[in-house]
Amino acid sequence: MTNKIIVRPDGPLVLTGNIIIRDASGKILLEDNEAWLCRCGQTARPPFCDGAHKKTCFEDAADINDQRKQKLENSDAKTDTRLEITVRENAMLLCNGPVTISNKQQTQSTTRNKVALCRCGKSDNKPFCDASHKQ
């Protein structure tokens with residue numbers, strides 16, 4: 001199963017694939033093949049989207065401008081293809097595992113093995129984290 005993250009304009013990250021989401025202590029929050037994660041930083045159910053972006057007028061065109069593109073290693077049957085997301089406390093989403101990140105129209109994309117994604121809504125390089133949460 002291919003892991004994908006679709007960045008919805010003005011909305012959440014939609015993850016599909018073999019997904020495990022953990023909190024900062026390592027506790028599993030979700031193990032599934034689909035998840036919707038907040039990008040605006042206003043959800044009442046972090047890290048999951050609850051539609052708060054609609055009430056807070058969160059705006060982001062969902063452009064994918066990746067300056068750190070990676071070439072994925074060839075995978076074989078022994079390779080772990082899970083996408084593990086760690087929700088850092090008051091910080092980013094750390095993603096480990098093969099994943100393709102694209103906009104909703106799939107006209108822009110990048111493929112990574114590791115990536116930090118913004119969940120505060122303040123990054124100047126959304127969907128990627130630029131440490132703006134520290135401000």
# chains A, B, ... in the order shown; residues from 1 in each chain; ligands from 1

call {"tool": "residues_around", "arguments": {"residues": "segment 127-134 of chain A", "least_positions_apart": "4", "cutoff": "10 Å", "atoms": "only C-alpha atoms", "output": "PyMOL selection string"}}
result
chain A and resi 7-8+12-13+39+41+60-66+90-94+101-103+115-123

call {"tool": "write_last_selection", "arguments": {"atoms": "N, CA and C atoms", "output": "compact mmCIF listing (two decimals), in the first residue's frame"}}
result
# COMPACT_ATOMS: atom_id res chain seq x y z
N VAL A 7 -2.57 17.47 0.66
CA VAL A 7 -2.70 18.74 1.36
C VAL A 7 -3.90 19.46 0.76
N ARG A 8 -4.94 19.59 1.56
CA ARG A 8 -6.17 20.23 1.06
C ARG A 8 -6.06 21.75 1.21
N PRO A 12 -7.21 20.42 6.03
CA PRO A 12 -6.33 19.47 6.70
C PRO A 12 -5.39 18.70 5.77
N LEU A 13 -4.56 17.87 6.40
CA LEU A 13 -3.76 16.88 5.70
C LEU A 13 -4.58 15.60 5.69
N ARG A 39 -4.06 21.28 10.24
CA ARG A 39 -2.96 22.16 9.81
C ARG A 39 -3.10 23.56 10.36
N GLY A 41 -3.90 24.54 13.51
CA GLY A 41 -3.50 24.71 14.90
C GLY A 41 -4.63 25.04 15.84
N ASP A 60 -4.50 28.64 3.09
CA ASP A 60 -3.26 28.13 2.52
C ASP A 60 -3.60 27.49 1.19
N ALA A 61 -2.89 27.87 0.17
CA ALA A 61 -3.18 27.38 -1.19
C ALA A 61 -2.79 25.92 -1.40
N ALA A 62 -2.09 25.32 -0.44
CA ALA A 62 -1.65 23.92 -0.52
C ALA A 62 -0.63 23.69 -1.62
N ASP A 63 0.24 24.67 -1.83
CA ASP A 63 1.33 24.50 -2.78
C ASP A 63 2.41 23.62 -2.14
N ILE A 64 3.03 22.79 -2.94
CA ILE A 64 4.09 21.91 -2.47
C ILE A 64 5.40 22.44 -3.05
N ASN A 65 6.18 23.11 -2.21
CA ASN A 65 7.46 23.67 -2.63
C ASN A 65 8.54 23.03 -1.76
N ASP A 66 8.99 21.86 -2.17
CA ASP A 66 9.93 21.07 -1.37
C ASP A 66 11.36 21.31 -1.82
N ASN A 90 3.57 20.64 21.30
CA ASN A 90 3.66 22.06 20.92
C ASN A 90 4.60 22.28 19.74
N ALA A 91 4.62 21.34 18.83
CA ALA A 91 5.53 21.44 17.69
C ALA A 91 4.93 20.71 16.49
N MET A 92 5.81 20.20 15.65
CA MET A 92 5.45 19.65 14.35
C MET A 92 4.98 18.20 14.39
N LEU A 93 4.59 17.73 13.20
CA LEU A 93 4.32 16.31 12.97
C LEU A 93 5.58 15.75 12.32
N LEU A 94 6.21 14.77 12.95
CA LEU A 94 7.39 14.13 12.37
C LEU A 94 6.95 12.85 11.67
N ILE A 101 3.75 13.32 -0.88
CA ILE A 101 2.95 14.47 -0.43
C ILE A 101 2.56 15.25 -1.67
N SER A 102 1.27 15.51 -1.84
CA SER A 102 0.83 16.24 -3.03
C SER A 102 -0.32 17.17 -2.70
N ASN A 103 -0.56 18.11 -3.64
CA ASN A 103 -1.73 18.96 -3.49
C ASN A 103 -2.95 18.16 -3.95
N VAL A 115 10.04 13.65 7.04
CA VAL A 115 9.61 15.02 6.80
C VAL A 115 8.95 15.56 8.08
N ALA A 116 9.11 16.85 8.33
CA ALA A 116 8.44 17.54 9.44
C ALA A 116 7.36 18.42 8.82
N LEU A 117 6.13 18.21 9.25
CA LEU A 117 5.00 18.96 8.72
C LEU A 117 4.44 19.91 9.77
N CYS A 118 4.01 21.07 9.31
CA CYS A 118 3.45 22.10 10.18
C CYS A 118 2.08 21.68 10.69
N ARG A 119 1.84 21.93 11.99
CA ARG A 119 0.50 21.72 12.54
C ARG A 119 0.02 22.93 13.33
N CYS A 120 0.82 24.03 13.30
CA CYS A 120 0.42 25.25 14.02
C CYS A 120 -0.25 26.27 13.10
N GLY A 121 -0.08 26.09 11.78
CA GLY A 121 -0.67 27.00 10.82
C GLY A 121 0.16 28.24 10.53
N LYS A 122 1.34 28.34 11.11
CA LYS A 122 2.14 29.57 10.99
C LYS A 122 3.33 29.47 10.05
N SER A 123 3.67 28.30 9.59
CA SER A 123 4.85 28.13 8.74
C SER A 123 4.73 28.96 7.46

call {"tool": "select_by_dssp", "arguments": {"residues": "chain A", "states": "strand (DSSP E)", "output": "PyMOL selection string"}}
result
chain A and resi 4-7+13-22+28-37+83-87+93-103+109-117

call {"tool": "write_last_selection", "arguments": {"atoms": "C-alpha atoms", "output": "mmCIF file, in the first residue's frame"}}
result
data_model
loop_
_atom_site.group_PDB
_atom_site.id
_atom_site.type_symbol
_atom_site.label_atom_id
_atom_site.label_comp_id
_atom_site.auth_asym_id
_atom_site.auth_seq_id
_atom_site.Cartn_x
_atom_site.Cartn_y
_atom_site.Cartn_z
ATOM 1 C CA LYS A 4 0.082 9.434 0.575
ATOM 2 C CA ILE A 5 -0.559 12.807 2.147
ATOM 3 C CA ILE A 6 -2.938 15.105 0.283
ATOM 4 C CA VAL A 7 -2.696 18.744 1.355
ATOM 5 C CA LEU A 13 -3.762 16.876 5.701
ATOM 6 C CA VAL A 14 -5.460 13.725 4.424
ATOM 7 C CA LEU A 15 -3.308 10.651 4.985
ATOM 8 C CA THR A 16 -3.871 7.275 3.358
ATOM 9 C CA GLY A 17 -1.788 4.121 3.529
ATOM 10 C CA ASN A 18 -0.307 2.103 6.373
ATOM 11 C CA ILE A 19 -0.469 4.778 9.083
ATOM 12 C CA ILE A 20 0.492 4.832 12.748
ATOM 13 C CA ILE A 21 0.132 8.073 14.704
ATOM 14 C CA ARG A 22 1.865 8.377 18.086
ATOM 15 C CA ILE A 28 -0.427 4.997 19.702
ATOM 16 C CA LEU A 29 -3.243 7.454 18.972
ATOM 17 C CA LEU A 30 -4.359 5.803 15.731
ATOM 18 C CA GLU A 31 -3.410 2.827 13.598
ATOM 19 C CA ASP A 32 -5.457 2.869 10.393
ATOM 20 C CA ASN A 33 -5.369 3.348 6.631
ATOM 21 C CA GLU A 34 -6.772 6.910 6.703
ATOM 22 C CA ALA A 35 -6.447 9.972 8.928
ATOM 23 C CA TRP A 36 -7.281 13.667 8.708
ATOM 24 C CA LEU A 37 -4.784 15.858 10.567
ATOM 25 C CA LEU A 83 4.207 5.765 7.755
ATOM 26 C CA GLU A 84 4.810 6.600 11.397
ATOM 27 C CA ILE A 85 3.733 10.044 12.517
ATOM 28 C CA THR A 86 4.940 11.402 15.858
ATOM 29 C CA VAL A 87 3.055 14.383 17.220
ATOM 30 C CA LEU A 93 4.323 16.310 12.973
ATOM 31 C CA LEU A 94 7.387 14.130 12.370
ATOM 32 C CA CYS A 95 6.806 11.628 9.576
ATOM 33 C CA ASN A 96 9.021 8.579 9.107
ATOM 34 C CA GLY A 97 8.501 6.144 6.261
ATOM 35 C CA PRO A 98 7.958 6.361 2.540
ATOM 36 C CA VAL A 99 5.320 8.923 1.613
ATOM 37 C CA THR A 100 4.255 11.016 -1.347
ATOM 38 C CA ILE A 101 2.954 14.466 -0.431
ATOM 39 C CA SER A 102 0.833 16.242 -3.030
ATOM 40 C CA ASN A 103 -1.731 18.961 -3.494
ATOM 41 C CA SER A 109 4.172 16.488 -5.306
ATOM 42 C CA THR A 110 7.274 15.292 -3.517
ATOM 43 C CA THR A 111 8.346 11.946 -2.115
ATOM 44 C CA ARG A 112 10.167 11.637 1.190
ATOM 45 C CA ASN A 113 11.344 9.113 3.790
ATOM 46 C CA LYS A 114 11.370 11.705 6.578
ATOM 47 C CA VAL A 115 9.606 15.022 6.802
ATOM 48 C CA ALA A 116 8.438 17.535 9.435
ATOM 49 C CA LEU A 117 4.995 18.959 8.717
#

call {"tool": "atom_distance", "arguments": {"atom1": "atom CA of Thr43 of chain A", "atom2": "atom CA of Ala24 of chain A"}}
result
17.6 Å

call {"tool": "select_by_dssp", "arguments": {"residues": "chain A", "states": "alpha helix (DSSP H)", "output": "list in words"}}
result
Ala52, His53, Lys54, Lys55 and Thr56 of chain A

call {"tool": "write_last_selection", "arguments": {"atoms": "C-alpha atoms", "output": "compact mmCIF listing (two decimals), in the first residue's frame"}}
result
# COMPACT_ATOMS: atom_id res chain seq x y z
CA ALA A 52 -11.83 24.42 13.06
CA HIS A 53 -10.11 25.73 9.92
CA LYS A 54 -13.53 26.73 8.59
CA LYS A 55 -14.29 28.88 11.65
CA THR A 56 -10.84 30.45 11.92

call {"tool": "closest_residue", "arguments": {"among": "A:Gln108, A:Gln135, A:Phe58, A:Arg68", "to": "Pro9 of chain A", "atoms": "only C-alpha atoms"}}
result
A:Phe58

call {"tool": "atom_distance", "arguments": {"atom1": "atom CA of Thr2 of chain A", "atom2": "atom CA of Gly26 of chain A"}}
result
23.5 Å

call {"tool": "decode", "arguments": {"residues": "segment 4-75 of chain A", "atoms": "C-alpha atoms", "output": "PDB file, in the first residue's frame"}}
result
ATOM      1  CA  LYS A   4       0.082   9.434   0.575  1.00  0.00           C
ATOM      2  CA  ILE A   5      -0.559  12.807   2.147  1.00  0.00           C
ATOM      3  CA  ILE A   6      -2.938  15.105   0.283  1.00  0.00           C
ATOM      4  CA  VAL A   7      -2.696  18.744   1.355  1.00  0.00           C
ATOM      5  CA  ARG A   8      -6.166  20.229   1.064  1.00  0.00           C
ATOM      6  CA  PRO A   9      -6.383  23.958   0.250  1.00  0.00           C
ATOM      7  CA  ASP A  10      -7.383  25.899   3.373  1.00  0.00           C
ATOM      8  CA  GLY A  11      -7.861  22.579   5.167  1.00  0.00           C
ATOM      9  CA  PRO A  12      -6.325  19.469   6.699  1.00  0.00           C
ATOM     10  CA  LEU A  13      -3.762  16.876   5.701  1.00  0.00           C
ATOM     11  CA  VAL A  14      -5.460  13.725   4.424  1.00  0.00           C
ATOM     12  CA  LEU A  15      -3.308  10.651   4.985  1.00  0.00           C
ATOM     13  CA  THR A  16      -3.871   7.275   3.358  1.00  0.00           C
ATOM     14  CA  GLY A  17      -1.788   4.121   3.529  1.00  0.00           C
ATOM     15  CA  ASN A  18      -0.307   2.103   6.373  1.00  0.00           C
ATOM     16  CA  ILE A  19      -0.469   4.778   9.083  1.00  0.00           C
ATOM     17  CA  ILE A  20       0.492   4.832  12.748  1.00  0.00           C
ATOM     18  CA  ILE A  21       0.132   8.073  14.704  1.00  0.00           C
ATOM     19  CA  ARG A  22       1.865   8.377  18.086  1.00  0.00           C
ATOM     20  CA  ASP A  23       1.958  11.100  20.710  1.00  0.00           C
ATOM     21  CA  ALA A  24       5.272  12.477  21.968  1.00  0.00           C
ATOM     22  CA  SER A  25       5.524   9.717  24.596  1.00  0.00           C
ATOM     23  CA  GLY A  26       5.106   6.985  21.959  1.00  0.00           C
ATOM     24  CA  LYS A  27       1.504   6.060  22.814  1.00  0.00           C
ATOM     25  CA  ILE A  28      -0.427   4.997  19.702  1.00  0.00           C
ATOM     26  CA  LEU A  29      -3.243   7.454  18.972  1.00  0.00           C
ATOM     27  CA  LEU A  30      -4.359   5.803  15.731  1.00  0.00           C
ATOM     28  CA  GLU A  31      -3.410   2.827  13.598  1.00  0.00           C
ATOM     29  CA  ASP A  32      -5.457   2.869  10.393  1.00  0.00           C
ATOM     30  CA  ASN A  33      -5.369   3.348   6.631  1.00  0.00           C
ATOM     31  CA  GLU A  34      -6.772   6.910   6.703  1.00  0.00           C
ATOM     32  CA  ALA A  35      -6.447   9.972   8.928  1.00  0.00           C
ATOM     33  CA  TRP A  36      -7.281  13.667   8.708  1.00  0.00           C
ATOM     34  CA  LEU A  37      -4.784  15.858  10.567  1.00  0.00           C
ATOM     35  CA  CYS A  38      -5.125  19.520  11.519  1.00  0.00           C
ATOM     36  CA  ARG A  39      -2.959  22.156   9.813  1.00  0.00           C
ATOM     37  CA  CYS A  40      -4.524  25.309  11.286  1.00  0.00           C
ATOM     38  CA  GLY A  41      -3.496  24.709  14.898  1.00  0.00           C
ATOM     39  CA  GLN A  42      -7.009  25.392  16.206  1.00  0.00           C
ATOM     40  CA  THR A  43      -8.512  21.911  16.521  1.00  0.00           C
ATOM     41  CA  ALA A  44      -9.998  20.870  19.856  1.00  0.00           C
ATOM     42  CA  ARG A  45      -8.854  17.287  19.127  1.00  0.00           C
ATOM     43  CA  PRO A  46      -5.142  17.575  18.300  1.00  0.00           C
ATOM     44  CA  PRO A  47      -3.666  16.267  16.089  1.00  0.00           C
ATOM     45  CA  PHE A  48      -6.926  15.382  14.323  1.00  0.00           C
ATOM     46  CA  CYS A  49      -8.951  17.820  12.226  1.00  0.00           C
ATOM     47  CA  ASP A  50     -12.311  18.846  13.681  1.00  0.00           C
ATOM     48  CA  GLY A  51     -13.199  21.463  11.051  1.00  0.00           C
ATOM     49  CA  ALA A  52     -11.828  24.418  13.063  1.00  0.00           C
ATOM     50  CA  HIS A  53     -10.107  25.726   9.918  1.00  0.00           C
ATOM     51  CA  LYS A  54     -13.530  26.733   8.587  1.00  0.00           C
ATOM     52  CA  LYS A  55     -14.293  28.880  11.646  1.00  0.00           C
ATOM     53  CA  THR A  56     -10.840  30.452  11.920  1.00  0.00           C
ATOM     54  CA  CYS A  57     -10.560  31.357   8.238  1.00  0.00           C
ATOM     55  CA  PHE A  58      -7.317  29.374   7.858  1.00  0.00           C
ATOM     56  CA  GLU A  59      -5.874  30.078   4.421  1.00  0.00           C
ATOM     57  CA  ASP A  60      -3.258  28.131   2.521  1.00  0.00           C
ATOM     58  CA  ALA A  61      -3.176  27.375  -1.191  1.00  0.00           C
ATOM     59  CA  ALA A  62      -1.654  23.922  -0.521  1.00  0.00           C
ATOM     60  CA  ASP A  63       1.335  24.499  -2.781  1.00  0.00           C
ATOM     61  CA  ILE A  64       4.091  21.911  -2.473  1.00  0.00           C
ATOM     62  CA  ASN A  65       7.463  23.672  -2.626  1.00  0.00           C
ATOM     63  CA  ASP A  66       9.927  21.069  -1.369  1.00  0.00           C
ATOM     64  CA  GLN A  67      13.555  22.185  -1.249  1.00  0.00           C
ATOM     65  CA  ARG A  68      14.686  18.840   0.217  1.00  0.00           C
ATOM     66  CA  LYS A  69      13.399  16.267  -2.255  1.00  0.00           C
ATOM     67  CA  GLN A  70      14.633  12.745  -1.642  1.00  0.00           C
ATOM     68  CA  LYS A  71      14.949   9.692  -3.800  1.00  0.00           C
ATOM     69  CA  LEU A  72      13.305   6.735  -2.097  1.00  0.00           C
ATOM     70  CA  GLU A  73      15.311   3.563  -1.777  1.00  0.00           C
ATOM     71  CA  ASN A  74      14.057   0.571  -3.742  1.00  0.00           C
ATOM     72  CA  SER A  75      11.803  -1.400  -1.449  1.00  0.00           C
TER      73      SER A  75
END
